$ cat target.cif   # mmCIF, C-alpha atoms
data_input
#
loop_
_atom_site.label_atom_id
_atom_site.label_comp_id
_atom_site.auth_asym_id
_atom_site.auth_seq_id
_atom_site.Cartn_x
_atom_site.Cartn_y
_atom_site.Cartn_z
CA MET P 625 -19.33 12.17 -35.85
CA PRO P 626 -18.01 12.84 -32.36
CA GLU P 627 -18.84 10.41 -29.64
CA ARG P 628 -21.86 11.51 -27.68
CA GLU P 629 -20.83 9.85 -24.51
CA LEU P 630 -18.38 10.47 -21.69
CA GLN P 631 -16.46 7.86 -19.81
CA CYS P 632 -16.12 8.71 -16.15
CA VAL P 633 -13.40 7.06 -14.07
CA VAL P 634 -12.98 7.65 -10.36
CA VAL P 635 -9.89 6.21 -8.71
CA THR P 636 -8.62 6.42 -5.16
CA PRO P 637 -5.26 5.10 -3.98
CA GLU P 638 -7.01 2.02 -2.66
CA LYS P 639 -9.18 1.07 -5.59
CA ALA P 640 -11.03 2.08 -8.70
CA VAL P 641 -14.36 3.28 -7.38
CA LEU P 642 -16.22 3.78 -10.59
CA GLU P 643 -15.87 3.33 -14.29
CA GLU P 644 -19.00 4.27 -16.14
CA ALA P 645 -20.45 5.98 -19.16
CA ALA P 646 -22.35 9.22 -18.66
CA ASP P 647 -23.99 11.96 -20.71
CA PHE P 648 -22.90 14.73 -18.42
CA VAL P 649 -20.44 14.98 -15.56
CA ALA P 650 -20.16 17.82 -13.04
CA VAL P 651 -16.95 17.92 -11.02
CA PRO P 652 -16.33 20.05 -7.92
CA MET P 653 -13.35 22.28 -8.74
CA PHE P 654 -11.39 24.20 -6.12
CA ASP P 655 -13.38 27.35 -6.94
CA GLY P 656 -16.75 25.99 -7.98
CA GLU P 657 -18.44 23.44 -10.14
CA LEU P 658 -17.36 22.52 -13.64
CA GLY P 659 -19.65 20.79 -16.07
CA VAL P 660 -18.23 18.48 -18.68
CA LEU P 661 -20.07 17.45 -21.82
CA PRO P 662 -18.82 15.12 -24.54
CA GLY P 663 -16.25 16.70 -26.80
CA ARG P 664 -14.71 18.93 -24.17
CA ALA P 665 -11.18 20.22 -24.71
CA PRO P 666 -8.44 18.48 -22.66
CA LEU P 667 -8.18 19.78 -19.12
CA ILE P 668 -6.26 19.18 -15.93
CA GLY P 669 -7.60 20.79 -12.81
CA ARG P 670 -7.50 20.81 -9.07
CA LEU P 671 -10.55 19.63 -7.19
CA GLY P 672 -12.05 20.92 -3.99
CA TYR P 673 -14.42 19.25 -1.57
CA GLY P 674 -17.80 18.77 -3.10
CA GLU P 675 -20.14 16.76 -5.18
CA LEU P 676 -19.40 14.76 -8.28
CA ARG P 677 -22.50 14.30 -10.36
CA LEU P 678 -23.02 11.88 -13.21
CA ARG P 679 -26.06 12.06 -15.38
CA ARG P 680 -26.96 9.28 -17.74
CA GLY P 681 -30.38 9.52 -19.30
CA MET P 682 -32.66 10.49 -16.45
CA GLU P 683 -30.56 8.90 -13.79
CA VAL P 684 -28.26 11.03 -11.65
CA ARG P 685 -25.59 9.61 -9.38
CA ARG P 686 -23.83 11.63 -6.73
CA PHE P 687 -20.52 11.20 -4.97
CA PHE P 688 -18.68 13.16 -2.36
CA ILE P 689 -15.13 13.95 -3.50
CA ASP P 690 -12.42 14.82 -1.01
CA GLY P 691 -10.17 17.03 -3.09
CA GLY P 692 -7.73 15.73 -5.66
CA PHE P 693 -7.35 16.21 -9.38
CA VAL P 694 -9.32 15.81 -12.54
CA GLN P 695 -8.16 15.07 -16.04
CA VAL P 696 -10.38 15.37 -19.07
CA ARG P 697 -9.08 13.91 -22.25
CA ALA P 698 -10.62 12.25 -25.27
CA ASN P 699 -14.09 12.11 -23.71
CA THR P 700 -12.73 10.50 -20.58
CA VAL P 701 -13.08 12.20 -17.23
CA THR P 702 -10.57 10.84 -14.72
CA VAL P 703 -11.04 11.88 -11.13
CA LEU P 704 -8.14 11.21 -8.77
CA THR P 705 -9.07 11.66 -5.16
CA ALA P 706 -8.04 10.47 -1.74
CA ARG P 707 -11.58 9.53 -0.84
CA ALA P 708 -14.77 9.10 -2.83
CA GLN P 709 -18.00 8.37 -1.08
CA ARG P 710 -21.42 7.68 -2.53
CA ALA P 711 -23.90 10.32 -1.48
CA GLU P 712 -26.11 7.60 0.02
CA ASP P 713 -23.29 6.48 2.28
CA ILE P 714 -22.66 9.77 4.02
CA ASP P 715 -23.34 9.55 7.72
CA THR P 716 -24.85 12.93 8.48
CA ASN P 717 -24.53 12.60 12.24
CA ALA P 718 -20.85 11.77 12.12
CA VAL P 719 -20.19 14.64 9.75
CA ALA P 720 -22.13 17.08 11.92
CA GLN P 721 -20.01 15.98 14.85
CA ALA P 722 -16.82 16.45 12.85
CA LEU P 723 -17.98 19.92 11.90
CA HIS P 724 -18.71 20.73 15.50
CA ALA P 725 -15.22 19.60 16.52
CA ALA P 726 -13.69 21.67 13.73
CA LEU P 727 -15.49 24.77 14.96
CA ALA P 728 -13.69 24.76 18.31
CA PRO P 729 -11.11 27.55 18.63
CA ALA P 730 -7.69 26.49 17.37
CA PRO P 731 -4.59 26.98 19.53
CA THR P 732 -2.04 27.58 16.73
CA PRO P 733 -2.22 29.10 13.25
CA GLN P 734 -1.31 25.74 11.80
CA ALA P 735 -4.07 23.98 13.66
CA TYR P 736 -6.39 26.72 12.54
CA GLU P 737 -5.66 25.96 8.92
CA GLU P 738 -6.26 22.29 9.53
CA GLN P 739 -9.57 23.10 11.13
CA LEU P 740 -10.56 25.35 8.29
CA LYS P 741 -10.00 22.48 5.91
CA ALA P 742 -11.98 20.14 8.12
CA GLN P 743 -14.81 22.66 8.23
CA GLN P 744 -14.90 22.99 4.47
CA ARG P 745 -14.88 19.25 4.05
CA ALA P 746 -17.66 18.71 6.55
CA ARG P 747 -19.79 21.47 5.06
CA ALA P 748 -19.35 20.05 1.57
CA GLN P 749 -20.29 16.62 2.83
CA LEU P 750 -23.42 17.98 4.45
CA ARG P 751 -24.28 19.81 1.27
CA VAL P 752 -24.03 16.62 -0.76
CA ALA P 753 -26.12 14.83 1.84
CA ARG P 754 -28.74 17.56 1.70
CA HIS P 755 -29.05 17.26 -2.06
CA ARG P 756 -29.71 13.62 -1.60
CA GLU P 757 -32.53 14.38 0.86
CA GLU P 758 -34.10 16.88 -1.49
CA ILE P 759 -34.25 14.38 -4.25
CA ARG P 760 -35.82 11.76 -2.10
CA THR P 761 -38.69 14.00 -1.01
CA MET A 559 9.52 -52.50 20.44
CA ALA A 560 10.45 -49.15 21.85
CA THR A 561 11.91 -47.85 18.59
CA THR A 562 8.85 -48.71 16.49
CA ARG A 563 6.57 -46.96 18.97
CA MET A 564 8.80 -43.91 18.89
CA LEU A 565 8.89 -43.84 15.11
CA VAL A 566 5.12 -44.05 14.88
CA ASN A 567 4.75 -41.15 17.29
CA ARG A 568 7.27 -39.10 15.47
CA ARG A 569 5.58 -39.73 12.14
CA LYS A 570 2.29 -38.63 13.63
CA ALA A 571 3.83 -35.39 14.83
CA VAL A 572 5.35 -34.66 11.43
CA ARG A 573 2.02 -35.34 9.79
CA ASN A 574 0.35 -32.80 12.06
CA ILE A 575 2.98 -30.21 11.25
CA LYS A 576 2.50 -30.90 7.58
CA LYS A 577 -1.20 -30.22 7.95
CA ILE A 578 -0.47 -26.90 9.58
CA THR A 579 2.09 -25.77 7.02
CA ARG A 580 -0.17 -26.87 4.20
CA THR A 581 -3.03 -24.78 5.62
CA MET A 582 -0.75 -21.80 6.08
CA GLU A 583 0.34 -22.14 2.49
CA LEU A 584 -3.26 -22.05 1.31
CA ILE A 585 -4.07 -19.06 3.49
CA ALA A 586 -1.00 -17.20 2.24
CA THR A 587 -2.01 -17.96 -1.34
CA ALA A 588 -5.47 -16.52 -0.81
CA ARG A 589 -4.09 -13.45 0.97
CA PHE A 590 -1.47 -12.96 -1.69
CA LYS A 591 -4.14 -12.89 -4.38
CA LYS A 592 -6.13 -10.32 -2.45
CA ALA A 593 -3.09 -8.18 -1.75
CA LEU A 594 -2.06 -8.36 -5.37
CA ASP A 595 -5.52 -7.26 -6.47
CA ARG A 596 -5.29 -4.29 -4.17
CA ALA A 597 -1.86 -3.44 -5.46
CA THR A 598 -3.03 -3.55 -9.07
CA GLU A 599 -6.02 -1.38 -8.26
CA ALA A 600 -3.77 1.13 -6.59
CA GLU A 601 -1.52 0.98 -9.60
CA ALA A 602 -4.16 2.81 -11.67
CA TYR A 603 -4.00 5.79 -9.34
CA THR A 604 -0.21 5.86 -9.27
CA ARG A 605 -0.03 5.63 -13.03
CA LYS A 606 -2.47 8.49 -13.50
CA ILE A 607 -0.70 10.70 -10.99
CA THR A 608 2.63 10.07 -12.69
CA GLU A 609 1.11 10.75 -16.07
CA MET A 610 -0.37 14.01 -14.88
CA ALA A 611 2.84 15.07 -13.20
CA ALA A 612 4.64 14.42 -16.46
CA ASP A 613 2.12 16.44 -18.45
CA LEU A 614 2.33 19.25 -15.96
CA SER A 615 6.07 19.44 -15.71
CA ALA A 616 6.16 19.60 -19.49
CA SER A 617 4.15 22.83 -19.25
CA ALA A 618 5.66 24.30 -16.10
CA THR A 619 9.36 23.86 -16.60
CA ASP A 620 10.88 25.66 -13.65
CA ILE A 621 9.15 24.60 -10.54
CA SER A 622 10.49 24.88 -7.08
CA HIS A 623 8.74 23.02 -4.37
CA PRO A 624 10.13 22.31 -0.92
CA LEU A 625 9.66 18.60 -1.54
CA LEU A 626 11.90 18.72 -4.59
CA GLN A 627 14.72 20.58 -2.90
CA LYS A 628 17.85 18.58 -2.54
CA ARG A 629 19.63 19.60 0.62
CA GLU A 630 23.33 19.99 0.10
CA LYS A 631 24.25 18.98 3.58
CA VAL A 632 22.22 16.18 5.01
CA ARG A 633 22.01 16.77 8.71
CA SER A 634 19.45 14.20 9.65
CA THR A 635 17.94 11.18 8.00
CA LEU A 636 14.79 9.29 8.63
CA LEU A 637 14.76 5.60 7.93
CA LEU A 638 11.52 3.67 7.88
CA VAL A 639 11.84 -0.10 7.93
CA ILE A 640 8.80 -2.04 6.79
CA GLY A 641 8.78 -5.64 7.94
CA SER A 642 6.11 -8.07 8.99
CA ASN A 643 4.29 -8.63 12.24
CA ARG A 644 4.51 -12.37 12.06
CA GLY A 645 7.26 -14.80 11.29
CA LEU A 646 7.25 -18.07 9.36
CA CYS A 647 7.94 -16.31 6.11
CA GLY A 648 11.47 -17.45 5.37
CA GLY A 649 14.06 -14.87 4.51
CA TYR A 650 11.59 -12.04 4.16
CA ASN A 651 12.44 -10.10 7.29
CA ALA A 652 16.07 -11.17 7.28
CA GLY A 653 16.52 -9.70 3.81
CA ILE A 654 14.99 -6.36 4.72
CA LEU A 655 16.84 -6.12 8.00
CA ARG A 656 20.14 -6.90 6.32
CA GLU A 657 19.62 -4.04 3.88
CA ALA A 658 18.41 -1.70 6.60
CA ASN A 659 21.30 -2.55 8.89
CA GLN A 660 23.79 -1.95 6.13
CA ARG A 661 22.28 1.43 5.42
CA LEU A 662 22.26 2.17 9.12
CA GLY A 663 25.98 1.50 9.33
CA GLN A 664 26.57 3.75 6.36
CA ILE A 665 24.62 6.59 7.94
CA ARG A 666 26.46 6.05 11.20
CA SER A 667 29.84 6.26 9.55
CA GLU A 668 28.82 9.58 8.03
CA ASN A 669 27.88 10.76 11.50
CA ILE A 670 24.40 11.86 10.53
CA PRO A 671 21.74 11.85 13.23
CA LEU A 672 19.20 9.20 12.49
CA HIS A 673 15.50 8.94 13.14
CA LEU A 674 14.50 5.33 12.95
CA GLU A 675 10.92 4.24 12.47
CA LEU A 676 9.82 0.63 12.34
CA SER A 677 6.74 -1.10 11.07
CA GLY A 678 6.10 -4.68 12.12
CA LYS A 679 6.95 -6.69 15.21
CA ARG A 680 9.87 -8.50 13.61
CA PRO A 681 11.94 -5.41 12.91
CA ILE A 682 11.04 -4.05 16.34
CA THR A 683 12.40 -7.10 18.15
CA PHE A 684 15.44 -7.20 15.90
CA PHE A 685 16.45 -3.64 16.65
CA ARG A 686 15.68 -4.04 20.31
CA TYR A 687 18.13 -6.92 20.35
CA GLN A 688 20.66 -4.72 18.57
CA GLY A 689 20.19 -2.08 21.21
CA ILE A 690 18.98 0.59 18.80
CA LYS A 691 16.04 2.59 19.96
CA PRO A 692 13.47 3.43 17.29
CA GLU A 693 11.68 6.75 17.35
CA ARG A 694 8.33 5.34 16.42
CA THR A 695 6.91 1.90 15.83
CA TYR A 696 3.85 0.73 14.00
CA THR A 697 2.22 -2.66 14.25
CA GLN A 698 -1.12 -1.90 12.68
CA PHE A 699 -0.06 -2.70 9.12
CA GLU A 700 -1.04 -6.21 8.20
CA ASP A 701 -1.78 -7.53 4.75
CA LYS A 702 -4.25 -4.74 4.01
CA PRO A 703 -2.63 -1.37 4.62
CA ARG A 704 -5.20 1.42 4.48
CA PHE A 705 -4.53 4.68 2.70
CA ASP A 706 -5.82 6.75 5.62
CA GLU A 707 -3.20 5.28 7.92
CA VAL A 708 -0.38 5.70 5.45
CA GLU A 709 -1.51 9.23 4.61
CA GLU A 710 -1.14 10.21 8.24
CA ILE A 711 2.47 9.04 8.32
CA ALA A 712 3.17 10.62 4.92
CA ASN A 713 1.85 13.97 6.08
CA ARG A 714 4.05 13.84 9.14
CA TYR A 715 7.08 13.18 6.95
CA ILE A 716 6.18 16.01 4.60
CA ASP A 717 5.79 18.31 7.55
CA GLY A 718 9.09 17.22 9.09
CA PHE A 719 10.87 17.54 5.79
CA THR A 720 9.63 21.02 4.98
CA ARG A 721 10.45 22.23 8.46
CA GLY A 722 13.95 20.84 8.17
CA LYS A 723 13.61 18.19 10.85
CA TYR A 724 14.58 15.56 8.31
CA ASP A 725 16.78 16.22 5.32
CA ARG A 726 16.18 12.86 3.76
CA VAL A 727 13.49 10.23 4.09
CA GLU A 728 14.33 6.65 3.22
CA VAL A 729 12.32 3.48 3.28
CA ALA A 730 13.63 -0.07 3.54
CA TYR A 731 11.15 -2.60 2.25
CA MET A 732 10.68 -5.58 -0.02
CA LYS A 733 10.05 -4.31 -3.50
CA PHE A 734 7.68 -6.38 -5.53
CA LEU A 735 8.88 -6.86 -9.10
CA ASN A 736 6.71 -9.79 -10.10
CA ALA A 737 5.23 -12.87 -8.52
CA ALA A 738 8.54 -14.70 -8.75
CA ARG A 739 10.91 -11.89 -7.81
CA GLN A 740 11.07 -9.53 -4.88
CA VAL A 741 14.12 -7.67 -3.74
CA PRO A 742 14.83 -5.88 -0.48
CA VAL A 743 15.72 -2.26 -1.20
CA VAL A 744 16.38 1.03 0.53
CA GLU A 745 14.73 3.83 -1.41
CA THR A 746 14.96 7.56 -0.96
CA LEU A 747 11.48 9.04 -1.11
CA LEU A 748 12.25 12.59 -0.05
CA PRO A 749 13.46 14.79 -1.62
CA LEU A 750 11.33 13.63 -4.53
CA SER A 751 13.50 13.07 -7.52
CA GLN A 752 12.26 15.09 -10.40
CA SER A 753 13.09 12.37 -12.83
CA SER A 754 10.60 10.05 -11.17
CA ALA A 755 7.88 12.45 -12.17
CA ARG A 756 9.13 12.53 -15.71
CA ASP A 757 10.09 8.96 -16.48
CA GLU A 758 7.77 6.28 -17.77
CA ARG A 759 6.19 8.83 -19.99
CA PRO A 760 4.71 7.01 -22.94
CA GLN A 761 6.06 8.42 -26.13
CA GLU A 762 3.21 10.09 -27.89
CA GLU A 763 3.14 11.41 -31.37
CA ARG A 764 1.77 14.70 -30.22
CA PRO A 765 1.55 16.04 -26.68
CA VAL A 766 -2.00 16.89 -25.68
CA GLU A 767 -2.64 20.56 -25.18
CA TYR A 768 -4.27 20.82 -21.80
CA GLU A 769 -6.21 23.57 -20.25
CA PHE A 770 -5.01 24.05 -16.69
CA LEU A 771 -7.21 25.18 -13.85
CA PRO A 772 -5.99 27.24 -12.04
CA ASN A 773 -2.51 26.88 -13.67
CA ALA A 774 0.12 24.23 -14.17
CA ALA A 775 2.47 25.39 -11.43
CA ASP A 776 -0.30 25.58 -8.84
CA ILE A 777 -1.60 22.16 -9.63
CA LEU A 778 1.91 20.75 -9.45
CA GLN A 779 2.33 22.27 -6.01
CA GLU A 780 -0.64 20.24 -4.89
CA LEU A 781 0.26 17.19 -6.86
CA LEU A 782 3.71 16.65 -5.37
CA PRO A 783 2.60 15.89 -1.80
CA VAL A 784 0.00 13.52 -3.20
CA SER A 785 2.57 11.79 -5.32
CA PHE A 786 4.73 11.29 -2.24
CA GLN A 787 1.79 9.88 -0.29
CA VAL A 788 1.06 7.49 -3.08
CA ARG A 789 4.64 6.35 -3.32
CA LEU A 790 4.77 5.64 0.38
CA PHE A 791 1.47 3.81 0.13
CA LYS A 792 2.87 1.74 -2.69
CA CYS A 793 5.81 0.75 -0.49
CA PHE A 794 3.37 -0.61 2.08
CA LEU A 795 1.35 -2.43 -0.55
CA ASP A 796 4.48 -3.95 -2.06
CA ALA A 797 5.60 -5.05 1.37
CA ALA A 798 2.23 -6.71 2.03
CA VAL A 799 2.28 -8.59 -1.26
CA SER A 800 5.89 -9.66 -0.87
CA GLU A 801 5.27 -10.91 2.64
CA GLN A 802 2.49 -13.19 1.51
CA ILE A 803 4.56 -14.51 -1.36
CA ALA A 804 7.48 -15.18 0.95
CA ARG A 805 5.19 -16.99 3.37
CA ARG A 806 3.62 -19.07 0.66
CA VAL A 807 6.97 -20.16 -0.74
CA THR A 808 8.33 -20.97 2.70
CA MET A 809 5.28 -22.94 3.71
CA LYS A 810 5.33 -24.84 0.47
CA GLN A 811 8.91 -25.81 1.16
CA ALA A 812 8.03 -26.80 4.69
CA THR A 813 5.20 -29.02 3.46
CA GLU A 814 7.50 -30.71 1.00
CA ASN A 815 10.12 -31.26 3.67
CA ALA A 816 7.52 -32.76 5.96
CA GLU A 817 6.46 -35.14 3.21
CA GLU A 818 10.01 -36.26 2.73
CA MET A 819 10.44 -36.75 6.42
CA ILE A 820 7.29 -38.86 6.61
CA LYS A 821 8.62 -41.06 3.84
CA MET A 822 11.91 -41.48 5.62
CA LEU A 823 10.27 -42.27 8.94
CA THR A 824 7.95 -44.79 7.30
CA ARG A 825 10.92 -46.55 5.80
CA GLN A 826 12.70 -46.65 9.13
CA TYR A 827 9.60 -47.91 10.83
CA ASN A 828 9.11 -50.70 8.30
CA ARG A 829 12.69 -51.74 8.66
CA ALA A 830 12.48 -51.76 12.44
CA ARG A 831 9.28 -53.80 12.32
CA GLN A 832 10.80 -56.28 9.88
CA ALA A 833 13.87 -56.59 12.08
CA GLN A 834 11.70 -57.36 15.02
CA ILE A 835 9.73 -60.01 13.12
CA THR A 836 12.94 -61.63 11.93
CA LYS A 837 14.25 -61.62 15.44
CA GLU A 838 11.09 -63.23 16.78
CA ILE A 839 11.16 -65.93 14.11
CA ALA A 840 14.80 -66.58 14.92
CA GLU A 841 13.85 -66.94 18.55
CA VAL A 842 11.01 -69.35 17.78
CA ILE A 843 13.26 -71.46 15.56
CA GLY A 844 15.98 -71.32 18.19
CA GLY A 845 13.47 -72.45 20.82
CA ALA A 846 12.21 -75.31 18.63
CA ALA A 847 15.75 -76.44 17.90
CA ALA A 848 16.55 -76.52 21.61
CA LEU A 849 13.59 -78.84 22.28
CA GLU A 850 14.71 -81.47 19.83
#
$ encode --input "target.cif" --output "structure tokens"
Amino acid sequence: MPERELQCVVVTPEKAVLEEAADFVAVPMFDGELGVLPGRAPLIGRLGYGELRLRRGMEVRRFFIDGGFVQVRANTVTVLTARAQRAEDIDTNAVAQALHAALAPAPTPQAYEEQLKAQQRARAQLRVARHREEIRT
Amino acid sequence: MATTRMLVNRRKAVRNIKKITRTMELIATARFKKALDRATEAEAYTRKITEMAADLSASATDISHPLLQKREKVRSTLLLVIGSNRGLCGGYNAGILREANQRLGQIRSENIPLHLELSGKRPITFFRYQGIKPERTYTQFEDKPRFDEVEEIANRYIDGFTRGKYDRVEVAYMKFLNAARQVPVVETLLPLSQSSARDERPQEERPVEYEFLPNAADILQELLPVSFQVRLFKCFLDAAVSEQIARRVTMKQATENAEEMIKMLTRQYNRARQAQITKEIAEVIGGAAALE
């Protein structure tokens, strides 16, 4: 009888953000979303900017993940990221401002790359925030 | 009369100092606990990153990443010295600065251009006195270094290293071994030693067969900068914990010394008072004898 439950661990360099059981976990990979159910084969992957979703029963929790790595092993999903933010904590105005700043023309190719990253991050953050709004209404 | 008065005043002063050192000891204890908690929480991340790096390098054997490249000729070195902003922590800064200075002399004798960066007011004043100009100084790191701040510095180092501005990045700080032992060390963080990614691998019966997305080499490319950032962050955390320990120990000593001093002063005071009483009695008796 395989375990029907996943353990989801989110750690940042500063602290362990979350350690919880879940029925289903969706992680934002570098190229799209990846769903993990109990009994998944071991996996190591690169994360992009996006939404981490945990479903347990009827309850869904959302986090914004700022890149990093994921490891799935023995029904444990470990998310290593520089920053993890609860969807409820995203400050939409600040993010919109950051996006606006990132849209300004870049002087050097290097700065351009930086800005592209900032844009992606801000857009992903807004997306997560929007999901949160949709659920509320 | 004058001596007793003086002794009383002195004892009062020592008592006040004792109160201060005692309070500082308590504060340092509380801060130390907090800093240690942070360090242990960060430990989980470091451990996982190391574990993943080990798993990855087992699958992708020949990896070349600019951060792993050992330069044959070191043309410039960056030395970051992490000290404290405040004093009253015993030999903490002295130990780090001794190590750093030694390393500095070594680098000098090899005639390698040096970029010196300092964190904390104590190292800054020390090197100013020595007449060595640092390239950059930081004073924002207290007992709670934030990852964002460290990440910024780490990214600058990575950038400088890959562009060949620095050929080696070293950090002088107080390494935290356990609550009773901390040693000042100079560690080379860049180039990343490959062994550091491989060691501490728990011996498993059977290596887990991972699925890699996109592939092992690509993930490793991304993982290495992160692992450097984390190692630098750990240096700052270690330094914060060690500083609080050093302060606690020093303040404890100071409190004990103050106690001893109070005892000594009390004894002196009692003796002086007794001497005075004896003298007065002698005078009274002398006076009475003269009247007879």
$ residues_around --input "target.cif" --residues "Ile670 in chain A" --least-positions-apart "4" --cutoff "8 Å" --atoms "all atoms listed in the file" --output "number ranges by chain"
A: 632-635, 665-666
$ resolve_selection --input "target.cif" --expression "the PyMOL selection byres ((chain A) within 6 of (chain P))" --output "MDAnalysis selection string"
chainID A and resid 599:600 603 768:771
$ write_last_selection --input "target.cif" --atoms "C-alpha atoms" --output "short mmCIF file (atom, residue, chain, number, x, y, z; two decimals), in the frame of the given file"
data_model
loop_
_atom_site.label_atom_id
_atom_site.label_comp_id
_atom_site.auth_asym_id
_atom_site.auth_seq_id
_atom_site.Cartn_x
_atom_site.Cartn_y
_atom_site.Cartn_z
CA GLU A 599 -6.02 -1.38 -8.26
CA ALA A 600 -3.77 1.13 -6.59
CA TYR A 603 -4.00 5.79 -9.34
CA TYR A 768 -4.27 20.82 -21.80
CA GLU A 769 -6.21 23.57 -20.25
CA PHE A 770 -5.01 24.05 -16.69
CA LEU A 771 -7.21 25.18 -13.85
#
$ atom_distance --input "target.cif" --atom1 "CA of Glu675 in chain P" --atom2 "CA of Leu750 in chain P"
10.2 Å
$ resolve_selection --input "target.cif" --expression "the PyMOL selection byres ((chain A and resi 700) around 9)" --output "ChimeraX atom specification"
/A:642-643,678,697-699,701-703,798
$ closest_residue --input "target.cif" --among "A:Glu841, A:Glu818, A:Glu801, A:Glu630" --to "Gly645 in chain A" --atoms "all atoms listed in the file"
A:Glu801
$ atom_distance --input "target.cif" --atom1 "CA of Asp725 in chain A" --atom2 "CA of Thr604 in chain A"
24.7 Å
$ residues_around --input "target.cif" --residues "Glu817 in chain A" --least-positions-apart "2" --cutoff "12 Å" --atoms "only C-alpha atoms" --output "VMD selection string"
chain A and resid 569 to 577 579 to 580 810 to 815 819 to 824
$ resolve_selection --input "target.cif" --expression "the PyMOL selection byres ((chain P and resi 741) around 12)" --output "VMD selection string"
chain P and resid 672 to 673 690 to 691 722 to 723 726 to 727 734 to 740 742 to 748
$ write_last_selection --input "target.cif" --atoms "C-alpha atoms" --output "short mmCIF file (atom, residue, chain, number, x, y, z; two decimals), keeping the file's coordinate frame"
data_model
loop_
_atom_site.label_atom_id
_atom_site.label_comp_id
_atom_site.auth_asym_id
_atom_site.auth_seq_id
_atom_site.Cartn_x
_atom_site.Cartn_y
_atom_site.Cartn_z
CA GLY P 672 -12.05 20.92 -3.99
CA TYR P 673 -14.42 19.25 -1.57
CA ASP P 690 -12.42 14.82 -1.01
CA GLY P 691 -10.17 17.03 -3.09
CA ALA P 722 -16.82 16.45 12.85
CA LEU P 723 -17.98 19.92 11.90
CA ALA P 726 -13.69 21.67 13.73
CA LEU P 727 -15.49 24.77 14.96
CA GLN P 734 -1.31 25.74 11.80
CA ALA P 735 -4.07 23.98 13.66
CA TYR P 736 -6.39 26.72 12.54
CA GLU P 737 -5.66 25.96 8.92
CA GLU P 738 -6.26 22.29 9.53
CA GLN P 739 -9.57 23.10 11.13
CA LEU P 740 -10.56 25.35 8.29
CA ALA P 742 -11.98 20.14 8.12
CA GLN P 743 -14.81 22.66 8.23
CA GLN P 744 -14.90 22.99 4.47
CA ARG P 745 -14.88 19.25 4.05
CA ALA P 746 -17.66 18.71 6.55
CA ARG P 747 -19.79 21.47 5.06
CA ALA P 748 -19.35 20.05 1.57
#
$ residues_near_point --input "target.cif" --point "(-20.3, 9.0, 2.4)" --cutoff "12 Å" --atoms "only C-alpha atoms" --output "MDAnalysis selection string"
chainID P and resid 674:675 686:690 707:719 745:746 748:753 756
$ atom_distance --input "target.cif" --atom1 "CA of Ala645 in chain P" --atom2 "CA of Gln631 in chain P"
4.5 Å
$ residues_around --input "target.cif" --residues "Val649 in chain P" --least-positions-apart "2" --cutoff "8 Å" --atoms "all atoms listed in the file" --output "list in words"
Leu630, Cys632, Ala646, Asp647, Val651, Gly659, Val660, Leu661, Leu676, Arg677, Leu678 and Arg679 of chain P
$ residues_near_point --input "target.cif" --point "(15.2, -9.2, 1.8)" --cutoff "12 Å" --atoms "only C-alpha atoms" --output "PyMOL selection string"
chain A and resi 639-642+647-659+730-734+739-744+797+800-801+804
$ write_last_selection --input "target.cif" --atoms "C-alpha atoms" --output "short mmCIF file (atom, residue, chain, number, x, y, z; two decimals), in the coordinates of the input"
data_model
loop_
_atom_site.label_atom_id
_atom_site.label_comp_id
_atom_site.auth_asym_id
_atom_site.auth_seq_id
_atom_site.Cartn_x
_atom_site.Cartn_y
_atom_site.Cartn_z
CA VAL A 639 11.84 -0.10 7.93
CA ILE A 640 8.80 -2.04 6.79
CA GLY A 641 8.78 -5.64 7.94
CA SER A 642 6.11 -8.07 8.99
CA CYS A 647 7.94 -16.31 6.11
CA GLY A 648 11.47 -17.45 5.37
CA GLY A 649 14.06 -14.87 4.51
CA TYR A 650 11.59 -12.04 4.16
CA ASN A 651 12.44 -10.10 7.29
CA ALA A 652 16.07 -11.17 7.28
CA GLY A 653 16.52 -9.70 3.81
CA ILE A 654 14.99 -6.36 4.72
CA LEU A 655 16.84 -6.12 8.00
CA ARG A 656 20.14 -6.90 6.32
CA GLU A 657 19.62 -4.04 3.88
CA ALA A 658 18.41 -1.70 6.60
CA ASN A 659 21.30 -2.55 8.89
CA ALA A 730 13.63 -0.07 3.54
CA TYR A 731 11.15 -2.60 2.25
CA MET A 732 10.68 -5.58 -0.02
CA LYS A 733 10.05 -4.31 -3.50
CA PHE A 734 7.68 -6.38 -5.53
CA ARG A 739 10.91 -11.89 -7.81
CA GLN A 740 11.07 -9.53 -4.88
CA VAL A 741 14.12 -7.67 -3.74
CA PRO A 742 14.83 -5.88 -0.48
CA VAL A 743 15.72 -2.26 -1.20
CA VAL A 744 16.38 1.03 0.53
CA ALA A 797 5.60 -5.05 1.37
CA SER A 800 5.89 -9.66 -0.87
CA GLU A 801 5.27 -10.91 2.64
CA ALA A 804 7.48 -15.18 0.95
#
$ residues_around --input "target.cif" --residues "Tyr724 in chain A" --least-positions-apart "4" --cutoff "10 Å" --atoms "only C-alpha atoms" --output "tab-separated table (two decimals) with C-alpha atoms, keeping the file's coordinate frame"
chain	number	residue	atom	x	y	z
A	632	VAL	CA	22.22	16.18	5.01
A	633	ARG	CA	22.01	16.77	8.71
A	634	SER	CA	19.45	14.20	9.65
A	635	THR	CA	17.94	11.18	8.00
A	636	LEU	CA	14.79	9.29	8.63
A	637	LEU	CA	14.76	5.60	7.93
A	671	PRO	CA	21.74	11.85	13.23
A	672	LEU	CA	19.20	9.20	12.49
A	673	HIS	CA	15.50	8.94	13.14
A	715	TYR	CA	7.08	13.18	6.95
A	716	ILE	CA	6.18	16.01	4.60
A	717	ASP	CA	5.79	18.31	7.55
A	718	GLY	CA	9.09	17.22	9.09
A	719	PHE	CA	10.87	17.54	5.79
A	720	THR	CA	9.63	21.02	4.98
A	748	LEU	CA	12.25	12.59	-0.05
